[in-house]
$ cat model.cif   # mmCIF, N, CA and C atoms
data_input
loop_
_atom_site.label_atom_id
_atom_site.label_comp_id
_atom_site.auth_asym_id
_atom_site.auth_seq_id
_atom_site.Cartn_x
_atom_site.Cartn_y
_atom_site.Cartn_z
N MET A 58 69.91 -71.46 66.99
CA MET A 58 68.51 -71.21 66.67
C MET A 58 68.44 -69.92 65.85
N SER A 59 67.56 -69.92 64.91
CA SER A 59 67.38 -68.72 64.09
C SER A 59 66.35 -67.80 64.74
N PRO A 60 66.39 -66.51 64.40
CA PRO A 60 65.38 -65.59 64.93
C PRO A 60 63.95 -66.00 64.56
N ASP A 61 63.76 -66.53 63.35
CA ASP A 61 62.43 -66.97 62.94
C ASP A 61 61.95 -68.14 63.80
N ALA A 62 62.85 -69.07 64.08
CA ALA A 62 62.49 -70.21 64.92
C ALA A 62 62.18 -69.76 66.34
N PHE A 63 62.93 -68.78 66.85
CA PHE A 63 62.67 -68.22 68.18
C PHE A 63 61.27 -67.63 68.22
N ASP A 64 60.93 -66.85 67.20
CA ASP A 64 59.62 -66.22 67.11
C ASP A 64 58.51 -67.27 67.03
N LYS A 65 58.69 -68.26 66.19
CA LYS A 65 57.66 -69.31 66.03
C LYS A 65 57.47 -70.09 67.31
N ALA A 66 58.57 -70.43 67.99
CA ALA A 66 58.46 -71.18 69.24
C ALA A 66 57.73 -70.38 70.31
N ALA A 67 58.03 -69.10 70.40
CA ALA A 67 57.36 -68.26 71.40
C ALA A 67 55.88 -68.08 71.07
N ARG A 68 55.58 -67.80 69.82
CA ARG A 68 54.19 -67.55 69.44
C ARG A 68 53.32 -68.81 69.46
N ALA A 69 53.94 -69.98 69.47
CA ALA A 69 53.19 -71.23 69.53
C ALA A 69 52.62 -71.48 70.93
N LEU A 70 53.12 -70.78 71.92
CA LEU A 70 52.65 -70.95 73.29
C LEU A 70 51.32 -70.21 73.47
N PRO A 71 50.44 -70.70 74.36
CA PRO A 71 49.11 -70.09 74.50
C PRO A 71 49.14 -68.65 75.01
N GLY A 72 48.34 -67.80 74.37
CA GLY A 72 48.12 -66.43 74.83
C GLY A 72 49.28 -65.47 74.61
N VAL A 73 50.20 -65.80 73.73
CA VAL A 73 51.39 -64.98 73.55
C VAL A 73 51.15 -63.82 72.59
N THR A 74 51.68 -62.66 72.98
CA THR A 74 51.73 -61.49 72.11
C THR A 74 53.18 -61.05 72.02
N MET A 75 53.49 -60.28 70.98
CA MET A 75 54.85 -59.76 70.82
C MET A 75 54.77 -58.28 70.54
N GLU A 76 55.62 -57.51 71.21
CA GLU A 76 55.72 -56.07 70.99
C GLU A 76 57.18 -55.74 70.69
N VAL A 77 57.39 -54.74 69.86
CA VAL A 77 58.73 -54.24 69.61
C VAL A 77 58.93 -53.03 70.52
N LEU A 78 59.88 -53.16 71.46
CA LEU A 78 60.14 -52.12 72.45
C LEU A 78 61.63 -51.85 72.55
N TRP A 79 61.98 -50.79 73.24
CA TRP A 79 63.36 -50.50 73.61
C TRP A 79 64.33 -50.55 72.44
N GLY A 80 64.03 -49.82 71.40
CA GLY A 80 64.95 -49.74 70.28
C GLY A 80 64.98 -50.97 69.41
N GLY A 81 63.90 -51.70 69.33
CA GLY A 81 63.83 -52.82 68.40
C GLY A 81 63.82 -54.21 69.03
N HIS A 82 63.83 -54.32 70.34
CA HIS A 82 63.79 -55.64 70.98
C HIS A 82 62.40 -56.25 70.81
N HIS A 83 62.38 -57.53 70.52
CA HIS A 83 61.13 -58.28 70.39
C HIS A 83 60.79 -58.83 71.78
N VAL A 84 59.72 -58.30 72.37
CA VAL A 84 59.34 -58.65 73.73
C VAL A 84 58.09 -59.53 73.67
N TYR A 85 58.22 -60.75 74.15
CA TYR A 85 57.12 -61.72 74.12
C TYR A 85 56.46 -61.73 75.49
N LYS A 86 55.12 -61.67 75.46
CA LYS A 86 54.35 -61.56 76.70
C LYS A 86 53.21 -62.56 76.71
N VAL A 87 52.81 -62.92 77.92
CA VAL A 87 51.57 -63.67 78.13
C VAL A 87 50.79 -62.90 79.18
N GLY A 88 49.55 -62.57 78.87
CA GLY A 88 48.73 -61.79 79.79
C GLY A 88 49.34 -60.44 80.11
N GLY A 89 50.09 -59.86 79.18
CA GLY A 89 50.70 -58.57 79.38
C GLY A 89 52.00 -58.59 80.17
N ARG A 90 52.48 -59.78 80.51
CA ARG A 90 53.72 -59.92 81.29
C ARG A 90 54.81 -60.57 80.45
N MET A 91 55.99 -59.99 80.49
CA MET A 91 57.12 -60.48 79.69
C MET A 91 57.59 -61.85 80.17
N PHE A 92 57.97 -62.69 79.19
CA PHE A 92 58.61 -63.95 79.57
C PHE A 92 59.89 -64.21 78.79
N CYS A 93 60.06 -63.60 77.61
CA CYS A 93 61.33 -63.70 76.90
C CYS A 93 61.49 -62.52 75.95
N ILE A 94 62.74 -62.25 75.61
CA ILE A 94 63.08 -61.09 74.78
C ILE A 94 64.17 -61.49 73.80
N TYR A 95 64.05 -61.01 72.56
CA TYR A 95 65.10 -61.20 71.56
C TYR A 95 65.58 -59.84 71.09
N GLY A 96 66.89 -59.64 71.06
CA GLY A 96 67.48 -58.40 70.58
C GLY A 96 68.10 -58.58 69.21
N PRO A 97 67.39 -58.22 68.15
CA PRO A 97 67.91 -58.46 66.80
C PRO A 97 69.19 -57.69 66.47
N ASP A 98 69.44 -56.58 67.14
CA ASP A 98 70.65 -55.81 66.86
C ASP A 98 71.92 -56.57 67.20
N ASP A 99 71.89 -57.33 68.30
CA ASP A 99 73.10 -58.06 68.71
C ASP A 99 72.89 -59.56 68.83
N ASP A 100 71.72 -60.07 68.42
CA ASP A 100 71.39 -61.50 68.43
C ASP A 100 71.31 -62.08 69.84
N SER A 101 71.14 -61.22 70.85
CA SER A 101 71.04 -61.72 72.23
C SER A 101 69.59 -62.07 72.54
N PHE A 102 69.43 -62.88 73.59
CA PHE A 102 68.08 -63.17 74.06
C PHE A 102 68.11 -63.36 75.57
N SER A 103 66.96 -63.13 76.19
CA SER A 103 66.82 -63.26 77.64
C SER A 103 65.48 -63.92 77.94
N PHE A 104 65.42 -64.54 79.10
CA PHE A 104 64.16 -65.16 79.50
C PHE A 104 64.09 -65.29 81.01
N LYS A 105 62.88 -65.41 81.52
CA LYS A 105 62.63 -65.65 82.94
C LYS A 105 62.98 -67.10 83.22
N ALA A 106 63.74 -67.33 84.29
CA ALA A 106 64.15 -68.69 84.64
C ALA A 106 63.67 -69.04 86.05
N SER A 107 63.58 -70.33 86.30
CA SER A 107 63.31 -70.78 87.66
C SER A 107 64.55 -70.50 88.50
N ASP A 108 64.42 -70.55 89.80
CA ASP A 108 65.57 -70.30 90.68
C ASP A 108 66.71 -71.26 90.36
N ILE A 109 66.39 -72.54 90.19
CA ILE A 109 67.41 -73.56 89.92
C ILE A 109 68.06 -73.34 88.57
N ALA A 110 67.26 -73.08 87.54
CA ALA A 110 67.81 -72.85 86.19
C ALA A 110 68.67 -71.59 86.17
N PHE A 111 68.24 -70.55 86.87
CA PHE A 111 69.01 -69.31 86.93
C PHE A 111 70.40 -69.59 87.51
N GLU A 112 70.45 -70.28 88.62
CA GLU A 112 71.73 -70.60 89.25
C GLU A 112 72.59 -71.47 88.34
N ALA A 113 71.99 -72.51 87.77
CA ALA A 113 72.76 -73.42 86.92
C ALA A 113 73.32 -72.72 85.69
N LEU A 114 72.52 -71.92 85.04
CA LEU A 114 72.96 -71.27 83.80
C LEU A 114 73.96 -70.15 84.04
N THR A 115 73.79 -69.42 85.14
CA THR A 115 74.71 -68.31 85.40
C THR A 115 76.00 -68.77 86.07
N GLU A 116 75.93 -69.78 86.92
CA GLU A 116 77.14 -70.27 87.59
C GLU A 116 78.07 -71.01 86.63
N THR A 117 77.49 -71.67 85.63
CA THR A 117 78.33 -72.38 84.66
C THR A 117 78.89 -71.45 83.60
N GLY A 118 78.37 -70.24 83.54
CA GLY A 118 78.85 -69.27 82.56
C GLY A 118 78.17 -69.36 81.21
N ARG A 119 77.19 -70.22 81.07
CA ARG A 119 76.46 -70.31 79.79
C ARG A 119 75.72 -69.03 79.52
N GLY A 120 75.13 -68.48 80.55
CA GLY A 120 74.41 -67.22 80.44
C GLY A 120 74.86 -66.31 81.56
N ILE A 121 74.38 -65.09 81.53
CA ILE A 121 74.69 -64.14 82.59
C ILE A 121 73.37 -63.61 83.14
N PRO A 122 73.38 -63.10 84.37
CA PRO A 122 72.16 -62.45 84.86
C PRO A 122 71.81 -61.29 83.93
N ALA A 123 70.57 -61.23 83.51
CA ALA A 123 70.15 -60.17 82.58
C ALA A 123 70.23 -58.82 83.26
N PRO A 124 70.84 -57.83 82.59
CA PRO A 124 70.92 -56.49 83.18
C PRO A 124 69.53 -55.97 83.55
N TYR A 125 69.43 -55.37 84.70
CA TYR A 125 68.19 -54.79 85.24
C TYR A 125 67.16 -55.83 85.66
N MET A 126 67.39 -57.11 85.34
CA MET A 126 66.38 -58.13 85.62
C MET A 126 66.93 -59.30 86.44
N GLN A 127 68.14 -59.17 86.95
CA GLN A 127 68.73 -60.30 87.66
C GLN A 127 67.99 -60.63 88.95
N ARG A 128 67.45 -59.62 89.63
CA ARG A 128 66.68 -59.90 90.86
C ARG A 128 65.45 -60.74 90.55
N ALA A 129 64.92 -60.58 89.35
CA ALA A 129 63.73 -61.33 88.94
C ALA A 129 64.10 -62.68 88.31
N LYS A 130 65.39 -63.03 88.34
CA LYS A 130 65.89 -64.32 87.83
C LYS A 130 65.74 -64.45 86.31
N TRP A 131 66.16 -63.42 85.60
CA TRP A 131 66.22 -63.47 84.15
C TRP A 131 67.65 -63.77 83.73
N VAL A 132 67.79 -64.61 82.70
CA VAL A 132 69.10 -65.00 82.18
C VAL A 132 69.26 -64.43 80.77
N ARG A 133 70.46 -63.93 80.46
CA ARG A 133 70.75 -63.37 79.14
C ARG A 133 71.84 -64.20 78.46
N PHE A 134 71.63 -64.45 77.18
CA PHE A 134 72.61 -65.14 76.35
C PHE A 134 73.05 -64.19 75.25
N ALA A 135 74.32 -64.21 74.93
CA ALA A 135 74.89 -63.26 73.97
C ALA A 135 74.54 -63.57 72.53
N SER A 136 74.28 -64.84 72.20
CA SER A 136 74.05 -65.18 70.80
C SER A 136 73.00 -66.28 70.65
N LEU A 137 71.90 -65.93 70.04
CA LEU A 137 70.86 -66.91 69.75
C LEU A 137 71.37 -67.96 68.77
N ALA A 138 72.14 -67.53 67.79
CA ALA A 138 72.64 -68.45 66.76
C ALA A 138 73.52 -69.55 67.34
N ALA A 139 74.16 -69.30 68.47
CA ALA A 139 75.07 -70.27 69.06
C ALA A 139 74.36 -71.32 69.92
N GLU A 140 73.07 -71.18 70.12
CA GLU A 140 72.34 -72.08 71.02
C GLU A 140 71.50 -73.10 70.26
N ASP A 141 71.29 -74.24 70.90
CA ASP A 141 70.49 -75.32 70.34
C ASP A 141 69.01 -74.93 70.33
N ALA A 142 68.37 -75.12 69.19
CA ALA A 142 66.97 -74.69 69.02
C ALA A 142 66.03 -75.37 70.00
N ALA A 143 66.18 -76.67 70.20
CA ALA A 143 65.29 -77.39 71.11
C ALA A 143 65.45 -76.91 72.55
N GLU A 144 66.68 -76.64 72.94
CA GLU A 144 66.93 -76.17 74.29
C GLU A 144 66.34 -74.77 74.51
N VAL A 145 66.52 -73.89 73.54
CA VAL A 145 65.96 -72.54 73.65
C VAL A 145 64.43 -72.61 73.70
N ALA A 146 63.83 -73.45 72.88
CA ALA A 146 62.37 -73.60 72.90
C ALA A 146 61.89 -74.11 74.26
N ASP A 147 62.66 -75.01 74.88
CA ASP A 147 62.31 -75.49 76.22
C ASP A 147 62.39 -74.36 77.24
N TRP A 148 63.44 -73.53 77.13
CA TRP A 148 63.57 -72.40 78.05
C TRP A 148 62.41 -71.43 77.87
N GLN A 149 62.01 -71.20 76.61
CA GLN A 149 60.87 -70.31 76.36
C GLN A 149 59.61 -70.88 76.99
N ALA A 150 59.37 -72.17 76.81
CA ALA A 150 58.18 -72.81 77.36
C ALA A 150 58.18 -72.74 78.89
N SER A 151 59.34 -72.96 79.50
CA SER A 151 59.44 -72.87 80.96
C SER A 151 59.18 -71.45 81.44
N ALA A 152 59.76 -70.48 80.75
CA ALA A 152 59.56 -69.07 81.11
C ALA A 152 58.08 -68.70 80.99
N HIS A 153 57.47 -69.13 79.92
CA HIS A 153 56.04 -68.89 79.70
C HIS A 153 55.23 -69.49 80.85
N GLY A 154 55.55 -70.72 81.24
CA GLY A 154 54.83 -71.38 82.32
C GLY A 154 54.98 -70.65 83.65
N ILE A 155 56.18 -70.17 83.95
CA ILE A 155 56.42 -69.44 85.19
C ILE A 155 55.55 -68.19 85.24
N ILE A 156 55.56 -67.45 84.15
CA ILE A 156 54.78 -66.20 84.10
C ILE A 156 53.28 -66.48 84.05
N ALA A 157 52.88 -67.46 83.27
CA ALA A 157 51.45 -67.78 83.15
C ALA A 157 50.84 -68.18 84.48
N GLN A 158 51.61 -68.86 85.32
CA GLN A 158 51.08 -69.29 86.61
C GLN A 158 50.83 -68.11 87.55
N LYS A 159 51.39 -66.96 87.25
CA LYS A 159 51.17 -65.76 88.06
C LYS A 159 49.91 -65.00 87.64
N LEU A 160 49.33 -65.40 86.52
CA LEU A 160 48.10 -64.76 86.05
C LEU A 160 46.92 -65.23 86.88
N THR A 161 45.85 -64.48 86.83
CA THR A 161 44.63 -64.90 87.54
C THR A 161 44.06 -66.14 86.87
N LYS A 162 43.23 -66.86 87.61
CA LYS A 162 42.58 -68.05 87.04
C LYS A 162 41.75 -67.67 85.82
N LYS A 163 41.09 -66.54 85.91
CA LYS A 163 40.27 -66.07 84.78
C LYS A 163 41.13 -65.82 83.55
N ALA A 164 42.26 -65.15 83.72
CA ALA A 164 43.14 -64.87 82.59
C ALA A 164 43.71 -66.16 82.01
N ARG A 165 44.12 -67.08 82.88
CA ARG A 165 44.64 -68.37 82.38
C ARG A 165 43.57 -69.11 81.59
N ALA A 166 42.33 -69.07 82.07
CA ALA A 166 41.24 -69.75 81.37
C ALA A 166 41.00 -69.11 79.99
N GLU A 167 41.10 -67.79 79.91
CA GLU A 167 40.91 -67.10 78.63
C GLU A 167 41.95 -67.54 77.59
N PHE A 168 43.17 -67.82 78.07
CA PHE A 168 44.24 -68.23 77.16
C PHE A 168 44.33 -69.75 77.00
N GLY A 169 43.47 -70.48 77.69
CA GLY A 169 43.52 -71.94 77.59
C GLY A 169 44.68 -72.55 78.36
N ILE A 170 45.10 -71.86 79.42
CA ILE A 170 46.22 -72.33 80.24
C ILE A 170 45.65 -72.88 81.54
N SER A 171 46.02 -74.09 81.90
CA SER A 171 45.49 -74.68 83.14
C SER A 171 46.38 -74.40 84.32
#
$ encode --input "model.cif" --output "structure tokens"
Amino acid sequence: MSPDAFDKAARALPGVTMEVLWGGHHVYKVGGRMFCIYGPDDDSFSFKASDIAFEALTETGRGIPAPYMQRAKWVRFASLAAEDAAEVADWQASAHGIIAQKLTKKARAEFGIS
């Protein structure tokens, strides 16, 4: 997946904003809460995963627990370019859904999220 495709897939989700933080990382948020991150310096990316996805991706070695975020079930991949675009977009959508469901009903309604 290309960085542009990653950006487009993330921004296509409802209520998404992007901030550049931590020395250039692209941090995608919904309702002010992070759901995925792209590091342009090293082409890495991370996202919030479900408990099952976290175990499956980290136990198989496809991804690793994201530094500082493993307790929160974030997965890190070393290279965006090496991953399938459709699969990464699905992971982004799942991460967005996990985080969006933690928002208040009012906030979800504002973003058009049911």
$ select_by_dssp --input "model.cif" --residues "range 60-119 of chain A" --states "strand (DSSP E)" --output "ChimeraX atom specification"
/A:73-78,82-87,90-96,101-105
$ closest_atom_pairs --input "model.cif" --of "range 87-143 of chain A" --to "range 153-166 of chain A" --cutoff "8 Å" --atoms "all atoms listed in the file" --output "CSV"
residue,atom,partner,partner_atom,distance
A:Val87,C,A:Ala157,CA,6.3
A:Gly88,CA,A:Leu160,CA,7.0
A:Arg90,C,A:Ile156,CA,6.7
A:Met91,C,A:Ile156,CA,6.5
A:Phe92,CA,A:His153,N,5.3
A:Cys93,N,A:His153,N,6.5
A:Phe104,C,A:His153,N,7.7
A:Lys105,C,A:His153,N,6.7
A:Ala106,C,A:Ile155,CA,7.3
A:Ser107,N,A:Ile155,CA,7.3
$ residues_around --input "model.cif" --residues "Arg119 in chain A" --least-positions-apart "5" --cutoff "10 Å" --atoms "only C-alpha atoms" --output "ChimeraX atom specification"
/A:113-114,132-135,140
$ select_by_dssp --input "model.cif" --residues "chain A" --states "helix (DSSP H, G or I)" --output "MDAnalysis selection string"
chainID A and resid 60:68 108:116 127:129 142:157 162:168
$ closest_residue --input "model.cif" --among "A:Ser59, A:Ser171, A:Ser103, A:Thr74" --to "Ala129 in chain A" --atoms "only C-alpha atoms"
A:Ser103
$ atom_distance --input "model.cif" --atom1 "CA of Leu78 in chain A" --atom2 "CA of Glu112 in chain A"
27.5 Å
$ atom_distance --input "model.cif" --atom1 "atom N of Gly120 in chain A" --atom2 "atom C of Val145 in chain A"
13.4 Å
$ residues_around --input "model.cif" --residues "His82 in chain A" --least-positions-apart "4" --cutoff "10 Å" --atoms "only C-alpha atoms" --output "ChimeraX atom specification"
/A:75-78,94-102
$ atom_distance --input "model.cif" --atom1 "CA of Leu70 in chain A" --atom2 "atom N of Pro124 in chain A"
24.3 Å
$ residues_around --input "model.cif" --residues "Met58 in chain A" --least-positions-apart "2" --cutoff "10 Å" --atoms "only C-alpha atoms" --output "list in words"
Pro60, Asp61, Ala62, Phe63, Ser136, Leu137, Ala138, Ala139, Glu140, Asp141, Ala142, Ala143, Glu144, Val145 and Ala146 of chain A
$ write_last_selection --input "model.cif" --atoms "N, CA and C atoms" --output "PDB file, in the frame of the given file"
ATOM      1  N   PRO A  60      66.390 -66.510  64.400  1.00  0.00           N
ATOM      2  CA  PRO A  60      65.380 -65.590  64.930  1.00  0.00           C
ATOM      3  C   PRO A  60      63.950 -66.000  64.560  1.00  0.00           C
ATOM      4  N   ASP A  61      63.760 -66.530  63.350  1.00  0.00           N
ATOM      5  CA  ASP A  61      62.430 -66.970  62.940  1.00  0.00           C
ATOM      6  C   ASP A  61      61.950 -68.140  63.800  1.00  0.00           C
ATOM      7  N   ALA A  62      62.850 -69.070  64.080  1.00  0.00           N
ATOM      8  CA  ALA A  62      62.490 -70.210  64.920  1.00  0.00           C
ATOM      9  C   ALA A  62      62.180 -69.760  66.340  1.00  0.00           C
ATOM     10  N   PHE A  63      62.930 -68.780  66.850  1.00  0.00           N
ATOM     11  CA  PHE A  63      62.670 -68.220  68.180  1.00  0.00           C
ATOM     12  C   PHE A  63      61.270 -67.630  68.220  1.00  0.00           C
ATOM     13  N   SER A 136      74.280 -64.840  72.200  1.00  0.00           N
ATOM     14  CA  SER A 136      74.050 -65.180  70.800  1.00  0.00           C
ATOM     15  C   SER A 136      73.000 -66.280  70.650  1.00  0.00           C
ATOM     16  N   LEU A 137      71.900 -65.930  70.040  1.00  0.00           N
ATOM     17  CA  LEU A 137      70.860 -66.910  69.750  1.00  0.00           C
ATOM     18  C   LEU A 137      71.370 -67.960  68.770  1.00  0.00           C
ATOM     19  N   ALA A 138      72.140 -67.530  67.790  1.00  0.00           N
ATOM     20  CA  ALA A 138      72.640 -68.450  66.760  1.00  0.00           C
ATOM     21  C   ALA A 138      73.520 -69.550  67.340  1.00  0.00           C
ATOM     22  N   ALA A 139      74.160 -69.300  68.470  1.00  0.00           N
ATOM     23  CA  ALA A 139      75.070 -70.270  69.060  1.00  0.00           C
ATOM     24  C   ALA A 139      74.360 -71.320  69.920  1.00  0.00           C
ATOM     25  N   GLU A 140      73.070 -71.180  70.120  1.00  0.00           N
ATOM     26  CA  GLU A 140      72.340 -72.080  71.020  1.00  0.00           C
ATOM     27  C   GLU A 140      71.500 -73.100  70.260  1.00  0.00           C
ATOM     28  N   ASP A 141      71.290 -74.240  70.900  1.00  0.00           N
ATOM     29  CA  ASP A 141      70.490 -75.320  70.340  1.00  0.00           C
ATOM     30  C   ASP A 141      69.010 -74.930  70.330  1.00  0.00           C
ATOM     31  N   ALA A 142      68.370 -75.120  69.190  1.00  0.00           N
ATOM     32  CA  ALA A 142      66.970 -74.690  69.020  1.00  0.00           C
ATOM     33  C   ALA A 142      66.030 -75.370  70.000  1.00  0.00           C
ATOM     34  N   ALA A 143      66.180 -76.670  70.200  1.00  0.00           N
ATOM     35  CA  ALA A 143      65.290 -77.390  71.110  1.00  0.00           C
ATOM     36  C   ALA A 143      65.450 -76.910  72.550  1.00  0.00           C
ATOM     37  N   GLU A 144      66.680 -76.640  72.940  1.00  0.00           N
ATOM     38  CA  GLU A 144      66.930 -76.170  74.290  1.00  0.00           C
ATOM     39  C   GLU A 144      66.340 -74.770  74.510  1.00  0.00           C
ATOM     40  N   VAL A 145      66.520 -73.890  73.540  1.00  0.00           N
ATOM     41  CA  VAL A 145      65.960 -72.540  73.650  1.00  0.00           C
ATOM     42  C   VAL A 145      64.430 -72.610  73.700  1.00  0.00           C
ATOM     43  N   ALA A 146      63.830 -73.450  72.880  1.00  0.00           N
ATOM     44  CA  ALA A 146      62.370 -73.600  72.900  1.00  0.00           C
ATOM     45  C   ALA A 146      61.890 -74.110  74.260  1.00  0.00           C
TER      46      ALA A 146
END
